[in-house]
file upload.cif (mmCIF, C-alpha atoms)
data_protein
loop_
_atom_site.label_atom_id
_atom_site.label_comp_id
_atom_site.auth_asym_id
_atom_site.auth_seq_id
_atom_site.Cartn_x
_atom_site.Cartn_y
_atom_site.Cartn_z
CA MET A 1249 0.00 0.00 0.00
CA GLN A 1250 2.87 2.39 0.78
CA ARG A 1251 4.40 1.66 -2.62
CA LEU A 1252 1.05 2.35 -4.29
CA LEU A 1253 0.32 5.63 -2.53
CA ILE A 1254 3.89 6.94 -2.20
CA PRO A 1255 5.89 5.43 -5.08
CA VAL A 1256 8.98 7.42 -4.03
CA PHE A 1257 9.62 4.66 -1.50
CA ASP A 1258 9.77 1.60 -3.75
CA PRO A 1259 12.59 -0.89 -3.09
CA ALA A 1260 11.84 -2.76 -6.33
CA VAL A 1261 13.19 0.17 -8.36
CA LYS A 1262 16.79 -1.00 -7.97
CA GLU A 1263 16.00 -3.87 -10.36
CA TRP A 1264 14.77 -1.54 -13.09
CA ALA A 1265 16.70 -0.48 -16.17
CA LEU A 1266 18.87 2.64 -15.81
CA GLU A 1267 16.69 4.73 -18.15
CA ALA A 1268 13.56 3.80 -16.18
CA ARG A 1269 15.18 4.79 -12.88
CA LEU A 1270 16.44 8.10 -14.25
CA LEU A 1271 13.06 8.94 -15.77
CA ARG A 1272 11.38 8.12 -12.45
CA TRP A 1273 13.61 10.47 -10.46
CA LEU A 1274 13.36 13.20 -13.10
CA THR A 1275 9.57 12.94 -12.90
CA PHE A 1276 9.61 13.27 -9.10
CA LEU A 1277 12.06 16.19 -9.27
CA TRP A 1278 9.88 17.91 -11.88
CA LEU A 1279 6.80 17.32 -9.72
CA PHE A 1280 8.48 18.57 -6.51
CA VAL A 1281 9.70 21.79 -8.16
CA GLY A 1282 6.28 22.29 -9.73
CA LEU A 1283 4.51 21.98 -6.38
CA ALA A 1284 6.93 24.43 -4.76
CA VAL A 1285 6.37 26.97 -7.54
CA LEU A 1286 2.59 26.48 -7.41
CA PHE A 1287 2.61 27.13 -3.65
CA SER A 1288 4.36 30.45 -4.23
CA ALA A 1289 2.40 31.47 -7.34
CA SER A 1290 -1.08 30.64 -6.05
CA TYR A 1291 -0.85 31.94 -2.47
CA PRO A 1292 -1.78 35.63 -3.10
CA SER A 1293 -4.75 34.80 -5.35
CA ALA A 1294 -6.04 32.06 -3.05
CA ASN A 1295 -5.75 34.35 -0.05
CA ALA A 1296 -7.58 37.18 -1.84
CA GLU A 1297 -10.35 34.97 -3.27
CA PHE A 1298 -10.95 32.47 -0.47
CA GLY A 1299 -9.17 33.84 2.59
CA ASP A 1300 -6.94 30.75 2.53
CA GLY A 1301 -3.57 31.03 0.83
CA LEU A 1302 -3.29 27.23 0.66
CA TYR A 1303 -6.63 26.75 -1.12
CA TYR A 1304 -5.20 25.81 -4.53
CA PHE A 1305 -2.15 24.05 -3.13
CA LYS A 1306 -4.16 21.69 -0.91
CA ARG A 1307 -6.41 20.71 -3.79
CA GLN A 1308 -3.45 20.16 -6.03
CA LEU A 1309 -2.00 17.74 -3.46
CA ILE A 1310 -5.17 15.66 -3.69
CA TRP A 1311 -4.84 15.46 -7.48
CA VAL A 1312 -1.16 14.58 -7.12
CA LEU A 1313 -2.10 11.67 -4.87
CA VAL A 1314 -4.66 10.43 -7.42
CA GLY A 1315 -2.15 10.90 -10.23
CA LEU A 1316 0.60 9.03 -8.38
CA ILE A 1317 -1.70 6.03 -7.89
CA GLY A 1318 -2.39 5.99 -11.63
CA PHE A 1319 1.33 6.51 -12.29
CA ASN A 1320 2.29 3.50 -10.20
CA VAL A 1321 -0.42 1.27 -11.67
CA LEU A 1322 0.84 2.03 -15.18
CA VAL A 1323 4.48 1.50 -14.21
CA TYR A 1324 3.68 -2.03 -13.03
CA THR A 1325 1.20 -2.98 -15.78
CA PRO A 1326 2.47 -4.56 -19.04
CA LEU A 1327 2.04 -2.17 -21.96
CA ARG A 1328 -0.06 -4.65 -23.95
CA TYR A 1329 -2.68 -4.62 -21.18
CA ILE A 1330 -2.70 -0.83 -21.05
CA GLN A 1331 -3.16 -0.64 -24.81
CA GLY A 1332 -5.91 -3.23 -24.54
CA ILE A 1333 -8.17 -0.63 -22.91
CA SER A 1334 -6.89 2.45 -24.75
CA ASP A 1335 -9.42 2.13 -27.58
CA TRP A 1336 -12.39 2.16 -25.22
CA ALA A 1337 -10.86 4.96 -23.16
CA VAL A 1338 -10.48 7.11 -26.29
CA ILE A 1339 -14.09 6.48 -27.33
CA ILE A 1340 -15.49 7.20 -23.85
CA LEU A 1341 -13.45 10.40 -23.47
CA LEU A 1342 -14.41 11.43 -27.01
CA GLY A 1343 -18.05 11.25 -25.90
CA LEU A 1344 -17.24 13.35 -22.82
CA ILE A 1345 -15.42 15.93 -24.97
CA TRP A 1346 -18.51 16.41 -27.14
CA LEU A 1347 -20.70 16.41 -24.03
CA THR A 1348 -18.97 19.59 -22.84
CA VAL A 1349 -20.49 21.56 -25.74
CA VAL A 1350 -24.02 20.29 -25.04
CA PRO A 1351 -25.99 23.04 -23.25
CA GLY A 1352 -26.53 22.18 -19.61
CA PHE A 1353 -23.61 19.75 -19.34
CA GLY A 1354 -20.43 21.74 -19.96
CA THR A 1355 -18.99 24.23 -17.46
CA THR A 1356 -17.61 27.49 -18.84
CA VAL A 1357 -14.47 29.04 -17.36
CA ASN A 1358 -12.87 32.17 -18.82
CA GLY A 1359 -15.06 31.98 -21.93
CA ALA A 1360 -14.25 28.34 -22.82
CA THR A 1361 -16.48 25.32 -22.16
CA ARG A 1362 -13.91 22.59 -21.59
CA TRP A 1363 -14.98 21.12 -18.26
CA LEU A 1364 -17.59 18.75 -16.87
CA LYS A 1365 -18.72 19.03 -13.25
CA LEU A 1366 -18.24 15.79 -11.34
CA GLY A 1367 -19.55 16.43 -7.85
CA PRO A 1368 -17.36 19.14 -6.29
CA ALA A 1369 -14.63 18.66 -8.90
CA LEU A 1370 -14.20 19.77 -12.52
CA ILE A 1371 -12.70 17.35 -15.03
CA GLN A 1372 -11.30 18.29 -18.43
CA PRO A 1373 -11.71 15.38 -20.89
CA SER A 1374 -9.41 17.02 -23.46
CA GLU A 1375 -6.55 16.69 -20.95
CA LEU A 1376 -7.41 13.18 -19.74
CA ILE A 1377 -7.54 11.82 -23.30
CA LYS A 1378 -3.88 12.67 -24.05
CA PRO A 1379 -2.21 9.49 -22.66
CA PHE A 1380 -4.82 7.24 -24.27
CA LEU A 1381 -4.56 9.13 -27.55
CA ILE A 1382 -0.81 8.43 -27.54
CA LEU A 1383 -1.35 4.73 -26.85
CA GLN A 1384 -4.03 4.27 -29.49
CA ALA A 1385 -2.24 6.31 -32.16
CA ALA A 1386 0.91 4.25 -31.58
CA ARG A 1387 -1.13 1.06 -31.75
CA ILE A 1388 -2.86 2.02 -35.04
CA PHE A 1389 0.12 3.50 -36.89
CA GLY A 1390 2.54 0.91 -35.51
CA ASN A 1391 0.38 -1.86 -37.01
CA TRP A 1392 -0.73 0.14 -40.06
CA ASN A 1393 0.32 -2.43 -42.67
CA ARG A 1394 -1.52 -5.22 -40.85
CA LEU A 1395 -4.86 -3.40 -40.64
CA THR A 1396 -7.66 -3.38 -43.16
CA TRP A 1397 -8.69 -0.11 -44.76
CA GLN A 1398 -11.96 -0.21 -42.85
CA VAL A 1399 -10.15 -0.26 -39.50
CA ARG A 1400 -7.76 2.46 -40.66
CA ILE A 1401 -10.57 4.76 -41.80
CA ASN A 1402 -12.60 4.13 -38.66
CA TRP A 1403 -9.76 5.24 -36.40
CA LEU A 1404 -8.80 8.18 -38.59
CA VAL A 1405 -12.40 9.37 -38.31
CA ILE A 1406 -12.25 8.95 -34.51
CA PHE A 1407 -9.00 10.94 -34.32
CA VAL A 1408 -10.52 13.72 -36.43
CA ALA A 1409 -13.64 13.70 -34.21
CA VAL A 1410 -11.42 14.13 -31.14
CA LEU A 1411 -9.65 17.12 -32.68
CA LEU A 1412 -12.89 18.73 -33.86
CA GLY A 1413 -14.51 18.20 -30.46
CA ILE A 1414 -11.62 19.96 -28.70
CA LEU A 1415 -11.62 22.74 -31.31
CA VAL A 1416 -15.28 23.65 -30.86
CA GLN A 1417 -14.97 24.01 -27.05
CA PRO A 1418 -13.00 26.19 -28.16
CA ASN A 1419 -9.43 25.06 -27.41
CA LEU A 1420 -7.18 25.68 -30.39
CA SER A 1421 -3.91 25.13 -28.50
CA THR A 1422 -4.84 21.66 -27.20
CA THR A 1423 -6.21 20.77 -30.64
CA ALA A 1424 -2.88 21.75 -32.18
CA LEU A 1425 -0.90 19.79 -29.57
CA CYS A 1426 -2.99 16.62 -29.98
CA GLY A 1427 -2.93 16.93 -33.77
CA MET A 1428 0.83 17.43 -33.75
CA THR A 1429 1.27 14.40 -31.47
CA ILE A 1430 -0.79 12.12 -33.73
CA TRP A 1431 1.02 13.47 -36.82
CA LEU A 1432 4.50 12.90 -35.35
CA ILE A 1433 3.57 9.39 -34.25
CA ALA A 1434 2.40 8.71 -37.82
CA LEU A 1435 5.66 10.19 -39.12
CA GLY A 1436 7.69 7.94 -36.81
CA SER A 1437 5.78 4.89 -38.05
CA GLY A 1438 6.98 5.49 -41.60
CA LEU A 1439 3.69 6.48 -43.26
CA PRO A 1440 4.08 7.88 -46.82
CA PHE A 1441 4.83 11.60 -47.00
CA SER A 1442 1.92 12.05 -49.40
CA TYR A 1443 -0.47 11.18 -46.55
CA LEU A 1444 1.42 13.23 -43.98
CA GLY A 1445 1.83 16.29 -46.22
CA SER A 1446 -1.84 16.48 -47.12
CA THR A 1447 -2.83 15.99 -43.47
CA ALA A 1448 -0.49 18.75 -42.29
CA PHE A 1449 -1.85 21.12 -44.96
CA GLY A 1450 -5.42 20.30 -43.93
CA GLY A 1451 -4.60 20.95 -40.28
CA PHE A 1452 -3.04 24.30 -41.17
CA LEU A 1453 -6.15 25.33 -43.11
CA LEU A 1454 -8.39 24.26 -40.22
CA ALA A 1455 -6.37 26.35 -37.76
CA LEU A 1456 -6.46 29.32 -40.14
CA LEU A 1457 -10.24 28.95 -40.51
CA SER A 1458 -10.69 28.81 -36.73
CA ILE A 1459 -8.65 31.99 -36.24
CA SER A 1460 -10.64 33.71 -38.99
CA ILE A 1461 -14.00 32.77 -37.46
CA LYS A 1462 -13.20 33.21 -33.75
CA GLU A 1463 -12.64 36.89 -33.05
CA TYR A 1464 -10.95 36.33 -29.68
CA GLN A 1465 -8.37 34.02 -31.30
CA ARG A 1466 -7.67 36.65 -33.94
CA ARG A 1467 -7.25 39.30 -31.25
CA ARG A 1468 -4.80 37.06 -29.39
CA VAL A 1469 -2.63 36.74 -32.50
CA MET A 1470 -2.69 40.49 -33.08
CA SER A 1471 -1.88 41.26 -29.44
CA PHE A 1472 1.01 38.78 -29.57
CA LEU A 1473 2.54 40.69 -32.47
CA ASN A 1474 2.26 44.02 -30.63
CA PRO A 1475 0.92 43.70 -27.06
CA TRP A 1476 1.58 47.39 -26.30
CA ALA A 1477 -1.00 48.42 -28.91
CA ASP A 1478 -3.68 47.41 -26.38
CA ARG A 1479 -1.74 47.31 -23.14
CA PHE A 1480 -4.83 47.47 -20.91
CA GLY A 1481 -6.83 44.99 -22.99
CA ASP A 1482 -5.73 41.96 -24.98
CA GLY A 1483 -2.03 42.74 -24.50
CA TYR A 1484 -2.21 43.20 -20.72
CA GLN A 1485 -1.54 39.57 -19.76
CA LEU A 1486 1.49 39.19 -22.02
CA ILE A 1487 2.97 42.52 -20.91
CA GLN A 1488 2.67 41.52 -17.24
CA SER A 1489 4.27 38.18 -18.04
CA LEU A 1490 7.17 39.86 -19.82
CA LEU A 1491 7.62 42.21 -16.86
CA ALA A 1492 7.80 39.21 -14.54
CA VAL A 1493 10.32 37.36 -16.71
CA GLY A 1494 12.44 40.49 -17.18
CA SER A 1495 12.35 41.39 -13.49
CA GLY A 1496 13.98 38.08 -12.61
CA GLY A 1497 17.33 39.14 -14.02
CA ALA A 1498 20.15 36.62 -13.79
CA LEU A 1499 19.48 35.06 -10.38
CA GLY A 1500 15.86 36.01 -9.70
CA THR A 1501 14.18 37.90 -6.89
CA GLY A 1502 14.15 34.84 -4.61
CA TYR A 1503 11.63 32.16 -3.81
CA GLY A 1504 8.28 33.64 -2.80
CA LEU A 1505 9.33 37.22 -3.65
CA SER A 1506 7.66 37.67 -7.04
CA GLN A 1507 5.91 41.03 -7.39
CA GLN A 1508 3.84 40.24 -10.48
CA LYS A 1509 2.01 37.41 -8.73
CA LEU A 1510 0.51 39.98 -6.32
CA LEU A 1511 -2.62 40.22 -8.49
CA TYR A 1512 -0.87 41.97 -11.39
CA LEU A 1513 -0.37 38.90 -13.57
CA PRO A 1514 -3.70 37.14 -14.33
CA ILE A 1515 -4.03 33.34 -13.83
CA GLN A 1516 -0.44 33.21 -12.61
CA TYR A 1517 -0.91 29.73 -11.11
CA THR A 1518 -2.04 28.05 -14.35
CA ASP A 1519 -1.12 29.17 -17.86
CA PHE A 1520 1.46 31.79 -16.80
CA ILE A 1521 3.09 30.00 -13.90
CA PHE A 1522 6.43 29.98 -15.74
CA ALA A 1523 6.51 33.79 -15.55
CA VAL A 1524 6.42 33.58 -11.74
CA TYR A 1525 9.11 30.89 -11.79
CA ALA A 1526 11.33 33.02 -14.07
CA GLU A 1527 10.89 36.08 -11.85
CA GLU A 1528 11.79 34.23 -8.66
CA PHE A 1529 14.63 32.08 -10.03
CA GLY A 1530 15.90 34.26 -12.86
CA PHE A 1531 17.72 33.31 -16.04
CA VAL A 1532 19.87 30.71 -14.27
CA GLY A 1533 16.83 28.97 -12.79
CA SER A 1534 15.09 29.04 -16.17
CA MET A 1535 18.10 27.40 -17.80
CA VAL A 1536 18.11 24.72 -15.08
CA LEU A 1537 14.46 23.98 -15.91
CA MET A 1538 15.32 23.82 -19.62
CA LEU A 1539 18.14 21.40 -18.74
CA LEU A 1540 15.64 19.21 -16.89
CA LEU A 1541 13.31 19.22 -19.90
CA GLY A 1542 16.21 18.49 -22.23
CA SER A 1543 17.33 15.56 -20.07
CA TYR A 1544 13.81 14.16 -20.02
CA ALA A 1545 13.51 14.46 -23.80
CA THR A 1546 16.92 12.83 -24.32
CA LEU A 1547 16.01 9.88 -22.10
CA ALA A 1548 12.65 9.47 -23.88
CA LEU A 1549 14.38 9.39 -27.27
CA LEU A 1550 16.99 6.96 -25.91
CA VAL A 1551 14.19 4.66 -24.76
CA ALA A 1552 12.59 4.89 -28.20
CA TYR A 1553 15.94 4.10 -29.83
CA LYS A 1554 16.69 1.07 -27.64
CA THR A 1555 13.31 -0.66 -27.84
CA ARG A 1556 12.83 -3.28 -30.54
CA GLU A 1557 9.05 -2.93 -30.90
CA ILE A 1558 7.74 -0.22 -33.23
CA VAL A 1559 4.64 0.37 -31.07
CA GLN A 1560 6.81 0.96 -27.98
CA GLN A 1561 8.98 3.37 -29.97
CA LEU A 1562 5.94 5.36 -31.04
CA VAL A 1563 4.57 5.46 -27.48
CA ALA A 1564 7.88 6.88 -26.21
CA ILE A 1565 7.89 9.49 -28.99
CA GLY A 1566 4.29 10.45 -28.26
CA VAL A 1567 4.91 10.91 -24.53
CA MET A 1568 7.99 13.01 -25.27
CA VAL A 1569 6.00 15.25 -27.64
CA VAL A 1570 3.19 15.80 -25.11
CA MET A 1571 5.34 16.37 -22.03
CA ILE A 1572 8.17 18.38 -23.60
CA GLY A 1573 6.27 19.94 -26.50
CA GLN A 1574 3.54 21.23 -24.21
CA SER A 1575 6.15 22.58 -21.80
CA LEU A 1576 7.95 24.47 -24.55
CA LEU A 1577 4.68 25.86 -25.91
CA ASN A 1578 3.74 27.11 -22.44
CA ILE A 1579 7.15 28.70 -21.93
CA GLY A 1580 6.97 30.23 -25.42
CA VAL A 1581 3.65 31.88 -24.54
CA ALA A 1582 4.96 33.26 -21.22
CA THR A 1583 8.04 34.74 -22.90
CA GLY A 1584 6.14 36.26 -25.83
CA ALA A 1585 7.59 33.90 -28.43
CA LEU A 1586 4.14 32.43 -29.22
CA PRO A 1587 0.55 33.74 -29.18
CA THR A 1588 -1.29 33.46 -25.87
CA THR A 1589 -2.90 30.03 -25.46
CA GLY A 1590 -4.51 28.02 -22.69
CA LEU A 1591 -1.96 25.22 -22.35
CA PRO A 1592 -0.85 24.37 -18.80
CA LEU A 1593 2.77 23.67 -17.89
CA PRO A 1594 2.91 19.90 -17.09
CA LEU A 1595 3.44 19.09 -13.38
CA PHE A 1596 3.55 22.84 -12.60
CA SER A 1597 0.17 24.40 -13.41
CA TYR A 1598 -2.83 24.07 -11.13
CA GLY A 1599 -5.42 21.62 -12.43
CA GLY A 1600 -6.41 18.07 -11.60
CA SER A 1601 -6.95 16.76 -15.13
CA SER A 1602 -3.62 18.10 -16.33
CA MET A 1603 -1.78 16.66 -13.32
CA ILE A 1604 -3.34 13.21 -13.69
CA ALA A 1605 -2.73 13.13 -17.45
CA SER A 1606 0.90 14.23 -17.05
CA LEU A 1607 1.66 11.61 -14.38
CA MET A 1608 -0.04 8.94 -16.50
CA CYS A 1609 2.12 9.89 -19.49
CA ALA A 1610 5.24 9.72 -17.30
CA GLY A 1611 4.19 6.30 -15.97
CA ILE A 1612 3.62 4.97 -19.50
CA LEU A 1613 7.07 6.15 -20.61
CA ILE A 1614 8.73 4.49 -17.61
CA ARG A 1615 6.84 1.28 -18.39
CA VAL A 1616 8.19 1.37 -21.95
CA ALA A 1617 11.69 1.96 -20.57
CA ARG A 1618 11.33 -1.10 -18.32
CA GLU A 1619 10.10 -3.32 -21.14
CA SER A 1620 12.71 -2.09 -23.61
CA SER A 1621 15.58 -3.21 -21.38
CA ALA A 1622 16.85 -6.67 -22.27
CA GLY A 1623 18.64 -6.86 -18.94
CA GLU A 1624 15.47 -6.41 -16.94
CA VAL A 1625 13.56 -8.91 -19.06
CA VAL A 1626 16.30 -11.50 -18.52
CA SER A 1627 16.26 -10.77 -14.78
CA LEU A 1628 12.51 -11.33 -14.59
CA ALA A 1629 12.80 -14.49 -16.67
CA ASP A 1630 15.52 -15.82 -14.38
CA LYS A 1631 13.28 -15.22 -11.36
CA ARG A 1632 10.44 -17.15 -12.98
CA ARG A 1633 12.75 -20.04 -13.82
CA SER A 1634 14.11 -19.98 -10.29
CA ARG A 1635 10.62 -20.18 -8.78
CA PHE A 1636 9.69 -22.92 -11.26
CA GLY A 1637 12.81 -24.91 -10.38
CA ARG A 1638 12.11 -24.66 -6.66
CA GLY A 1639 8.58 -25.89 -7.25
CA ARG A 1640 9.82 -28.93 -9.18
CA ARG A 1641 12.37 -29.82 -6.48
CA LYS A 1642 9.65 -29.71 -3.85
CA ARG A 1643 7.55 -32.13 -5.85
#
call {"tool": "encode", "arguments": {"input": "upload.cif", "output": "C-alpha cells"}}
result
Amino acid sequence: MQRLLIPVFDPAVKEWALEARLLRWLTFLWLFVGLAVLFSASYPSANAEFGDGLYYFKRQLIWVLVGLIGFNVLVYTPLRYIQGISDWAVIILLGLIWLTVVPGFGTTVNGATRWLKLGPALIQPSELIKPFLILQAARIFGNWNRLTWQVRINWLVIFVAVLLGILVQPNLSTTALCGMTIWLIALGSGLPFSYLGSTAFGGFLLALLSISIKEYQRRRVMSFLNPWADRFGDGYQLIQSLLAVGSGGALGTGYGLSQQKLLYLPIQYTDFIFAVYAEEFGFVGSMVLMLLLGSYATLALLVAYKTREIVQQLVAIGVMVVMIGQSLLNIGVATGALPTTGLPLPLFSYGGSSMIASLMCAGILIRVARESSAGEVVSLADKRRSRFGRGRRKR
C-alpha cells in the first residue's frame, strides 16, 4: 500500500533499467519543483479569493495523490494490457469531450467550455484523453500495414472527431498539440509523405479557418505581435508576463518574492506559472528547468531508440512530444515567443486533469523503458525459472 500511494519509497526500483530509474527520479524532481512553484504562485490569489492562501495548493496535493496512484499502476502494468483498454478509453473520453459543448452539461471558465462538473470537482476530458490518444495512435500506426482499410478509416475518423470536439470548445492550443502528437507518431511509423503532407496542410487550413472565425483568437494573435497596442486589454496579460520574466534578471528575486504574482499577472498559477518561476529564479533557474526538460527528452528518445518494438517506440515518442512539446509551448507563450494560449505547464500548473494526465504519461514512458531493457527482461525471466525450479524440487 505504501508503494502504491507513495511510489517514491519503492525498493523494487533498484531492479529496473537505468533509463527507467532516471526517468522516475526526473519525474519526481519535476513534480516537486512544480509543487513548490505552485505554492508560491497561487498563495496571493487564493488568499484574496478564499481567505486561505493554501486553497489551490491543498487541492493540487489531492490530485497529485490520485495521479501518483495511476502513475504506479501504469508503471507495473504490461504495456499490452494498457493498450488493450486504450481504444475504449479514447471512445469514452471522445463522448465526454462532445458532451462539454451540449448546453446544460459543460462548465464554462474564462469563456471556454472545456470542463464537466463531477460532484465538487471539474474534469477536463481534453486533458485526460492525451495518454490514451498516444497509446491508441501508436497502436494504429505501428500496425498500419496489418490493418484493413476499414479499421484504418474508422480510427482516422475517430482521431478527427477528437480534434474537432476539442476545437469547438474552443481550445485551439490543445487541438494543435494533440494533432501534432498524432502526426509525429504517424511520421515515426513510416507512413508515406503524401499522406502526412496532405494531413499537415489540412490541419493548417483548419487552424487558419478557426482563427478567422473566432474573433478572440484573432485578437490574441494580433496582441502577440504588438501587445503594447492594447496594453490594458488583450495585450495586458502578455505585458505583465514579460515584466515578470524580465524582473527576474540573472538570479531572480528569490523564492516567494515575485511582485507580479501579487494580483498583477492574471491566472499566474495556471497558464502563466512559468513567468512567476522566471521572476523568482531568474535566467539561471530558467536554464536549469530547460536542462531538466532536455534531459527528459533525451532519455525518452533513448528509450525509443533502444526498444525493438515499433509500437513501444511510437509510445515513447508520443509521450515526449506531449510532455516536452507542451512545456515548450507554455514557456513560449509566457516569454512572448508564441501567441497566448490556454496550455498548462505539465506538473507545474494548477489543475487536476492536467496533473493526472501528465503523471499517466510519465508512468507509461517508464513502463516502456522497463520493457525495452533486455537486462530487466532476462532478470525477470531468471526469477520465474528460479521459482519454477524450486517448485519442481519440492515435488
call {"tool": "resolve_selection", "arguments": {"input": "upload.cif", "expression": "the PyMOL selection byres ((chain A and resi 1490-1499) around 6)", "output": "ChimeraX atom specification"}}
result
/A:1487-1489,1500-1501,1508,1523,1526-1532
call {"tool": "write_last_selection", "arguments": {"input": "upload.cif", "atoms": "C-alpha atoms", "output": "short mmCIF file (atom, residue, chain, number, x, y, z; two decimals), in the coordinates of the input"}}
result
data_model
loop_
_atom_site.label_atom_id
_atom_site.label_comp_id
_atom_site.auth_asym_id
_atom_site.auth_seq_id
_atom_site.Cartn_x
_atom_site.Cartn_y
_atom_site.Cartn_z
CA ILE A 1487 2.97 42.52 -20.91
CA GLN A 1488 2.67 41.52 -17.24
CA SER A 1489 4.27 38.18 -18.04
CA GLY A 1500 15.86 36.01 -9.70
CA THR A 1501 14.18 37.90 -6.89
CA GLN A 1508 3.84 40.24 -10.48
CA ALA A 1523 6.51 33.79 -15.55
CA ALA A 1526 11.33 33.02 -14.07
CA GLU A 1527 10.89 36.08 -11.85
CA GLU A 1528 11.79 34.23 -8.66
CA PHE A 1529 14.63 32.08 -10.03
CA GLY A 1530 15.90 34.26 -12.86
CA PHE A 1531 17.72 33.31 -16.04
CA VAL A 1532 19.87 30.71 -14.27
#
call {"tool": "closest_residue", "arguments": {"input": "upload.cif", "among": "A:Gly1483, A:Gly1573, A:Gly1600, A:Gly1451", "to": "Met1470 in chain A", "atoms": "all atoms listed in the file"}}
result
A:Gly1483
call {"tool": "atom_distance", "arguments": {"input": "upload.cif", "atom1": "CA of Phe1298 in chain A", "atom2": "CA of Ile1515 in chain A"}}
result
15.1 Å
call {"tool": "closest_residue", "arguments": {"input": "upload.cif", "among": "A:Ile1406, A:Ile1371, A:Leu1454, A:Leu1540", "to": "Ile1430 in chain A", "atoms": "all atoms listed in the file"}}
result
A:Ile1406
call {"tool": "residues_around", "arguments": {"input": "upload.cif", "residues": "range 1301-1307 of chain A", "least_positions_apart": "5", "cutoff": "6 Å", "atoms": "all atoms listed in the file", "output": "list in words"}}
result
Phe1287, Tyr1291, Ala1294 and Asn1295 of chain A
call {"tool": "resolve_selection", "arguments": {"input": "upload.cif", "expression": "the PyMOL selection byres ((chain A and resi 1410) around 10)", "output": "PDB file with C-alpha atoms, keeping the file's coordinate frame"}}
result
ATOM      1  CA  VAL A1338     -10.480   7.110 -26.290  1.00  0.00           C
ATOM      2  CA  ILE A1339     -14.090   6.480 -27.330  1.00  0.00           C
ATOM      3  CA  LEU A1341     -13.450  10.400 -23.470  1.00  0.00           C
ATOM      4  CA  LEU A1342     -14.410  11.430 -27.010  1.00  0.00           C
ATOM      5  CA  GLY A1343     -18.050  11.250 -25.900  1.00  0.00           C
ATOM      6  CA  ILE A1345     -15.420  15.930 -24.970  1.00  0.00           C
ATOM      7  CA  TRP A1346     -18.510  16.410 -27.140  1.00  0.00           C
ATOM      8  CA  SER A1374      -9.410  17.020 -23.460  1.00  0.00           C
ATOM      9  CA  ILE A1377      -7.540  11.820 -23.300  1.00  0.00           C
ATOM     10  CA  LEU A1381      -4.560   9.130 -27.550  1.00  0.00           C
ATOM     11  CA  LEU A1404      -8.800   8.180 -38.590  1.00  0.00           C
ATOM     12  CA  VAL A1405     -12.400   9.370 -38.310  1.00  0.00           C
ATOM     13  CA  ILE A1406     -12.250   8.950 -34.510  1.00  0.00           C
ATOM     14  CA  PHE A1407      -9.000  10.940 -34.320  1.00  0.00           C
ATOM     15  CA  VAL A1408     -10.520  13.720 -36.430  1.00  0.00           C
ATOM     16  CA  ALA A1409     -13.640  13.700 -34.210  1.00  0.00           C
ATOM     17  CA  LEU A1411      -9.650  17.120 -32.680  1.00  0.00           C
ATOM     18  CA  LEU A1412     -12.890  18.730 -33.860  1.00  0.00           C
ATOM     19  CA  GLY A1413     -14.510  18.200 -30.460  1.00  0.00           C
ATOM     20  CA  ILE A1414     -11.620  19.960 -28.700  1.00  0.00           C
ATOM     21  CA  LEU A1415     -11.620  22.740 -31.310  1.00  0.00           C
ATOM     22  CA  THR A1423      -6.210  20.770 -30.640  1.00  0.00           C
ATOM     23  CA  CYS A1426      -2.990  16.620 -29.980  1.00  0.00           C
ATOM     24  CA  GLY A1427      -2.930  16.930 -33.770  1.00  0.00           C
TER      25      GLY A1427
END
call {"tool": "closest_residue", "arguments": {"input": "upload.cif", "among": "A:Phe1380, A:Tyr1553, A:Trp1431, A:Tyr1484", "to": "Ala1337 in chain A", "atoms": "only C-alpha atoms"}}
result
A:Phe1380
call {"tool": "atom_distance", "arguments": {"input": "upload.cif", "atom1": "CA of Leu1510 in chain A", "atom2": "CA of Ala1360 in chain A"}}
result
25.0 Å
call {"tool": "closest_residue", "arguments": {"input": "upload.cif", "among": "A:Ile1401, A:Ile1330, A:Val1581, A:Leu1279", "to": "Leu1316 in chain A", "atoms": "all atoms listed in the file"}}
result
A:Leu1279
